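Engineer: Starting off with a structure, shown below.
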Amino acid sequence: MNALSATVGRETARTRLLDAAIKIVRCKGFAATSVAELCAEAGVTKGAFFHHFESKDALCAAAASHWSETTGALFQGAPYHAHANPADRVLAYIGFRRAILCGPLEEITCYAGTVAQEAYQSDAIRSACAAAIFDHAATLEADVDAALAAAGRTGEFSAASLARHTQAVLQGAFILAKAAGDIAPAVESVDHLGRYFALLLNREWSTDDAR
């Protein structure tokens, strides 16, 4: 099981529905996922579904927050934080993202990104997905800012915009992998991201940073 998928899974009817949404939507997409399938996967009745959520939209919006919470714990405990130098932490973050690109496509891609592409016109879903993606990007800002300062690149662009760029590349990498039916294009894209940051930060990119 992929590390991102392993973070999802607790008991209670509501949480089982949230986990079911993440699992099925990552595999089939938002539009193709039915309430009946969600109930079957979660092992609950439709009555239980509508007790917790008024609609599929409401469940999938809540699932974006659930995704953010559960994957947030994975990233908070990831080894890239242990590096003393901020540039090394940034590159090790990218390396960590590369390392977890393993397993079936539905287990490596981002739930929030998947739903946002299909259902961004729903304000609730869009807001929840935006929070999941942009809040994660924000966790990189302090390290990116310190690394840029150490490399003498202060003032050229903001750390926040560069942190968001990492997510743009990752989300695009997931789309390429889905289109190809193969993880390889995603790995290739993450390697290019690593090389780009290495150039900015006066470092060298190595797949050994995947730790």
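Ordering of the structure tokens sets the chain letters (A, B, ...); residue numbers start at 1 within each chain; ligands are numbered from 1 in the order shown.
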Among segment 34-207 of chain A, which residues carry a DSSP assignment of helix (DSSP H, G or I), reported as a count of residues only?

Structural biologist: 133

Engineer: Listing only residues of segment 138-170 of chain A within 10 Å of segment 110-131 of chain A, what is the closest atom pair and its distance in Å (to one decimal) for each, using only C-alpha atoms, sorted by chain and residue number ascending, as JSON lines?

Structural biologist:
```
{"residue": "A:Gln167", "atom": "CA", "partner": "A:Gly113", "partner_atom": "CA", "distance": 9.6}
{"residue": "A:Ala168", "atom": "CA", "partner": "A:Gly113", "partner_atom": "CA", "distance": 9.8}
{"residue": "A:Leu170", "atom": "CA", "partner": "A:Cys110", "partner_atom": "CA", "distance": 9.0}
```

Engineer: Within 12 Å of segment 201-208 of chain A, counting only C-alpha atoms, which residues qualify if same-chain residues fewer than 6 places away don't, as an mmCIF file with C-alpha atoms, in the first residue's frame?

Structural biologist:
```
data_model
loop_
_atom_site.group_PDB
_atom_site.id
_atom_site.type_symbol
_atom_site.label_atom_id
_atom_site.label_comp_id
_atom_site.auth_asym_id
_atom_site.auth_seq_id
_atom_site.Cartn_x
_atom_site.Cartn_y
_atom_site.Cartn_z
ATOM 1 C CA TYR A 80 13.033 15.724 5.137
ATOM 2 C CA ASN A 85 20.061 23.303 6.114
ATOM 3 C CA PRO A 86 16.833 24.762 4.640
ATOM 4 C CA ALA A 87 17.965 24.145 1.049
ATOM 5 C CA ASP A 88 18.580 20.511 1.932
ATOM 6 C CA ARG A 89 15.116 20.327 3.498
ATOM 7 C CA VAL A 90 13.502 21.721 0.349
ATOM 8 C CA LEU A 91 15.321 19.284 -1.922
ATOM 9 C CA ALA A 92 14.631 16.415 0.454
ATOM 10 C CA TYR A 93 10.922 17.337 0.380
ATOM 11 C CA ILE A 94 10.958 16.989 -3.398
ATOM 12 C CA GLY A 95 12.878 13.757 -3.006
ATOM 13 C CA PHE A 96 10.271 12.502 -0.574
ATOM 14 C CA ARG A 97 7.522 13.310 -3.060
ATOM 15 C CA ARG A 98 9.458 11.288 -5.631
ATOM 16 C CA ALA A 99 9.924 8.367 -3.258
ATOM 17 C CA ASP A 143 12.219 26.653 4.275
ATOM 18 C CA VAL A 144 11.979 28.009 0.728
ATOM 19 C CA ASP A 145 12.353 31.575 2.003
ATOM 20 C CA ALA A 146 15.423 30.715 4.098
ATOM 21 C CA ALA A 147 16.958 28.718 1.253
ATOM 22 C CA LEU A 148 16.458 31.586 -1.223
ATOM 23 C CA ALA A 149 18.042 34.029 1.203
ATOM 24 C CA ALA A 150 21.059 31.761 1.673
ATOM 25 C CA ALA A 151 21.428 31.481 -2.106
ATOM 26 C CA GLY A 152 21.268 35.267 -2.542
ATOM 27 C CA ARG A 153 17.985 35.217 -4.424
ATOM 28 C CA THR A 154 15.922 37.371 -2.098
ATOM 29 C CA VAL A 187 8.722 10.661 -11.662
ATOM 30 C CA GLU A 188 10.319 12.443 -14.615
ATOM 31 C CA VAL A 190 9.468 15.538 -10.131
ATOM 32 C CA ASP A 191 13.096 15.045 -11.163
ATOM 33 C CA HIS A 192 12.858 18.190 -13.314
ATOM 34 C CA LEU A 193 11.384 20.033 -10.336
ATOM 35 C CA GLY A 194 14.307 18.878 -8.223
ATOM 36 C CA ARG A 195 16.804 20.074 -10.826
#
```

Engineer: Between atom CA of Val44 of chain A and atom CA of Arg16 of chain A, what distance in Å does the model show, to one decimal?

Structural biologist: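 Here the two named atoms are 8.5 Å from each other.
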
Engineer: Between A:Ala32, A:Ala84, A:Ala78, A:Leu18, which is the closest to Ala58 of chain A once you count only C-alpha atoms?

Structural biologist: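 Closest to Ala58 of chain A, using only C-alpha atoms: A:Leu18.
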
Engineer: Interatomic distance between atom CA of Leu200 of chain A and atom CA of Gly77 of chain A?

Structural biologist: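 Separation of atom CA of Leu200 of chain A and atom CA of Gly77 of chain A: 26.1 Å.
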
Engineer: Which residue is closest to Gly43 of chain A? Choose from A:Ala64, A:Ala186, A:Cys27, A:Ala13 and count only C-alpha atoms.

Structural biologist: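 Looking at the shortest contact to Gly43 of chain A, the residue is A:Ala13.
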
Engineer: For segment 61-170 of chain A versus segment 180-185 of chain A, which residues have an atom no more than 12 Å away, and what is each residue's nearest atom pair and distance in Å rounded to one decimal, using only C-alpha atoms, chain-then-number order, as JSON lines?

Structural biologist:
```
{"residue": "A:Arg98", "atom": "CA", "partner": "A:Ile183", "partner_atom": "CA", "distance": 10.4}
{"residue": "A:Ala99", "atom": "CA", "partner": "A:Ile183", "partner_atom": "CA", "distance": 11.6}
{"residue": "A:Ile100", "atom": "CA", "partner": "A:Ile183", "partner_atom": "CA", "distance": 10.8}
{"residue": "A:Leu101", "atom": "CA", "partner": "A:Ile183", "partner_atom": "CA", "distance": 7.0}
{"residue": "A:Cys102", "atom": "CA", "partner": "A:Ile183", "partner_atom": "CA", "distance": 7.5}
{"residue": "A:Gly103", "atom": "CA", "partner": "A:Ile183", "partner_atom": "CA", "distance": 8.5}
{"residue": "A:Pro104", "atom": "CA", "partner": "A:Ile183", "partner_atom": "CA", "distance": 8.3}
{"residue": "A:Leu105", "atom": "CA", "partner": "A:Ile183", "partner_atom": "CA", "distance": 6.9}
{"residue": "A:Glu106", "atom": "CA", "partner": "A:Gly181", "partner_atom": "CA", "distance": 10.4}
{"residue": "A:Glu107", "atom": "CA", "partner": "A:Ile183", "partner_atom": "CA", "distance": 10.9}
{"residue": "A:Ile108", "atom": "CA", "partner": "A:Ile183", "partner_atom": "CA", "distance": 8.7}
{"residue": "A:Thr109", "atom": "CA", "partner": "A:Ile183", "partner_atom": "CA", "distance": 9.9}
{"residue": "A:Val169", "atom": "CA", "partner": "A:Pro185", "partner_atom": "CA", "distance": 11.5}
{"residue": "A:Leu170", "atom": "CA", "partner": "A:Pro185", "partner_atom": "CA", "distance": 10.9}
```

Engineer: As a ChimeraX atom specification, please: the residues near His165 of chain A (cut-off 12 Å, only C-alpha atoms, same-chain neighbours under 5 positions excluded).

Structural biologist: /A:94,133-134,136-138,140-141,144,157-160,170-172,190,193-194,196-197

Engineer: Could you please take those selected residues and save N, CA and C atoms as a PDB file, in the first residue's frame?

Structural biologist:
```pdb
ATOM      1  N   ILE A  94      11.223  17.423  -2.025  1.00  0.00           N
ATOM      2  CA  ILE A  94      10.958  16.989  -3.398  1.00  0.00           C
ATOM      3  C   ILE A  94      11.356  15.523  -3.566  1.00  0.00           C
ATOM      4  N   ILE A 133      -4.722  22.019  -0.875  1.00  0.00           N
ATOM      5  CA  ILE A 133      -3.543  22.199  -1.721  1.00  0.00           C
ATOM      6  C   ILE A 133      -2.691  23.379  -1.263  1.00  0.00           C
ATOM      7  N   PHE A 134      -3.322  24.526  -1.045  1.00  0.00           N
ATOM      8  CA  PHE A 134      -2.556  25.723  -0.704  1.00  0.00           C
ATOM      9  C   PHE A 134      -2.026  25.686   0.730  1.00  0.00           C
ATOM     10  N   HIS A 136      -1.023  23.015   2.222  1.00  0.00           N
ATOM     11  CA  HIS A 136       0.182  22.180   2.165  1.00  0.00           C
ATOM     12  C   HIS A 136       1.349  22.969   1.579  1.00  0.00           C
ATOM     13  N   ALA A 137       1.105  23.730   0.516  1.00  0.00           N
ATOM     14  CA  ALA A 137       2.170  24.548  -0.066  1.00  0.00           C
ATOM     15  C   ALA A 137       2.746  25.507   0.976  1.00  0.00           C
ATOM     16  N   ALA A 138       1.869  26.034   1.816  1.00  0.00           N
ATOM     17  CA  ALA A 138       2.315  26.996   2.831  1.00  0.00           C
ATOM     18  C   ALA A 138       3.291  26.381   3.829  1.00  0.00           C
ATOM     19  N   LEU A 140       5.779  24.749   3.176  1.00  0.00           N
ATOM     20  CA  LEU A 140       7.119  24.798   2.585  1.00  0.00           C
ATOM     21  C   LEU A 140       7.712  26.199   2.601  1.00  0.00           C
ATOM     22  N   GLU A 141       6.880  27.201   2.824  1.00  0.00           N
ATOM     23  CA  GLU A 141       7.307  28.585   2.605  1.00  0.00           C
ATOM     24  C   GLU A 141       8.512  29.000   3.439  1.00  0.00           C
ATOM     25  N   VAL A 144      11.664  27.429   2.038  1.00  0.00           N
ATOM     26  CA  VAL A 144      11.979  28.009   0.728  1.00  0.00           C
ATOM     27  C   VAL A 144      12.527  29.419   0.899  1.00  0.00           C
ATOM     28  N   PHE A 157      11.482  36.752  -6.433  1.00  0.00           N
ATOM     29  CA  PHE A 157      10.113  36.235  -6.435  1.00  0.00           C
ATOM     30  C   PHE A 157       9.821  35.797  -5.016  1.00  0.00           C
ATOM     31  N   SER A 158       8.574  35.584  -4.719  1.00  0.00           N
ATOM     32  CA  SER A 158       8.219  35.249  -3.339  1.00  0.00           C
ATOM     33  C   SER A 158       8.372  33.753  -3.075  1.00  0.00           C
ATOM     34  N   ALA A 159       8.700  33.451  -1.829  1.00  0.00           N
ATOM     35  CA  ALA A 159       8.765  32.052  -1.409  1.00  0.00           C
ATOM     36  C   ALA A 159       7.401  31.396  -1.536  1.00  0.00           C
ATOM     37  N   ALA A 160       6.348  32.163  -1.272  1.00  0.00           N
ATOM     38  CA  ALA A 160       4.996  31.604  -1.360  1.00  0.00           C
ATOM     39  C   ALA A 160       4.675  31.158  -2.779  1.00  0.00           C
ATOM     40  N   LEU A 170       3.514  19.069  -9.247  1.00  0.00           N
ATOM     41  CA  LEU A 170       3.048  17.767  -8.757  1.00  0.00           C
ATOM     42  C   LEU A 170       1.669  17.416  -9.309  1.00  0.00           C
ATOM     43  N   GLN A 171       0.754  18.376  -9.290  1.00  0.00           N
ATOM     44  CA  GLN A 171      -0.584  18.099  -9.820  1.00  0.00           C
ATOM     45  C   GLN A 171      -0.516  17.798 -11.315  1.00  0.00           C
ATOM     46  N   GLY A 172       0.307  18.543 -12.035  1.00  0.00           N
ATOM     47  CA  GLY A 172       0.484  18.265 -13.453  1.00  0.00           C
ATOM     48  C   GLY A 172       1.115  16.903 -13.685  1.00  0.00           C
ATOM     49  N   VAL A 190       8.940  15.203 -11.458  1.00  0.00           N
ATOM     50  CA  VAL A 190       9.468  15.538 -10.131  1.00  0.00           C
ATOM     51  C   VAL A 190      10.983  15.687 -10.185  1.00  0.00           C
ATOM     52  N   LEU A 193      11.624  19.077 -11.415  1.00  0.00           N
ATOM     53  CA  LEU A 193      11.384  20.033 -10.336  1.00  0.00           C
ATOM     54  C   LEU A 193      12.587  20.086  -9.403  1.00  0.00           C
ATOM     55  N   GLY A 194      13.127  18.922  -9.083  1.00  0.00           N
ATOM     56  CA  GLY A 194      14.307  18.878  -8.223  1.00  0.00           C
ATOM     57  C   GLY A 194      15.493  19.596  -8.847  1.00  0.00           C
ATOM     58  N   TYR A 196      15.380  22.022 -11.032  1.00  0.00           N
ATOM     59  CA  TYR A 196      15.079  23.450 -11.044  1.00  0.00           C
ATOM     60  C   TYR A 196      15.402  24.084  -9.691  1.00  0.00           C
ATOM     61  N   PHE A 197      14.945  23.458  -8.622  1.00  0.00           N
ATOM     62  CA  PHE A 197      15.232  23.986  -7.300  1.00  0.00           C
ATOM     63  C   PHE A 197      16.715  23.925  -6.983  1.00  0.00           C
TER      64      PHE A 197
END
```

Engineer: Select, from A:Cys60, A:Thr70, A:Leu176, A:Ser189, the residue with the minimum atom-to-atom distance to Phe30 of chain A, counting only C-alpha atoms.

Structural biologist: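 Using only C-alpha atoms, Phe30 of chain A sits closest to A:Cys60.
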
Engineer: Would you mind telling me which residue in A:Thr166, A:Thr139, A:Thr15, A:Ser161 lies nearest to Ser65 of chain A when using only C-alpha atoms?

Structural biologist: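 Comparing A:Thr166, A:Thr139, A:Thr15, A:Ser161 against Ser65 of chain A, the winner is A:Thr15.
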
Engineer: Find the distance between atom CA of Glu37 of chain A and atom CA of Asp19 of chain A and write it in Å to one decimal.

Structural biologist: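 About the pair atom CA of Glu37 of chain A and atom CA of Asp19 of chain A: they are 12.4 Å apart.
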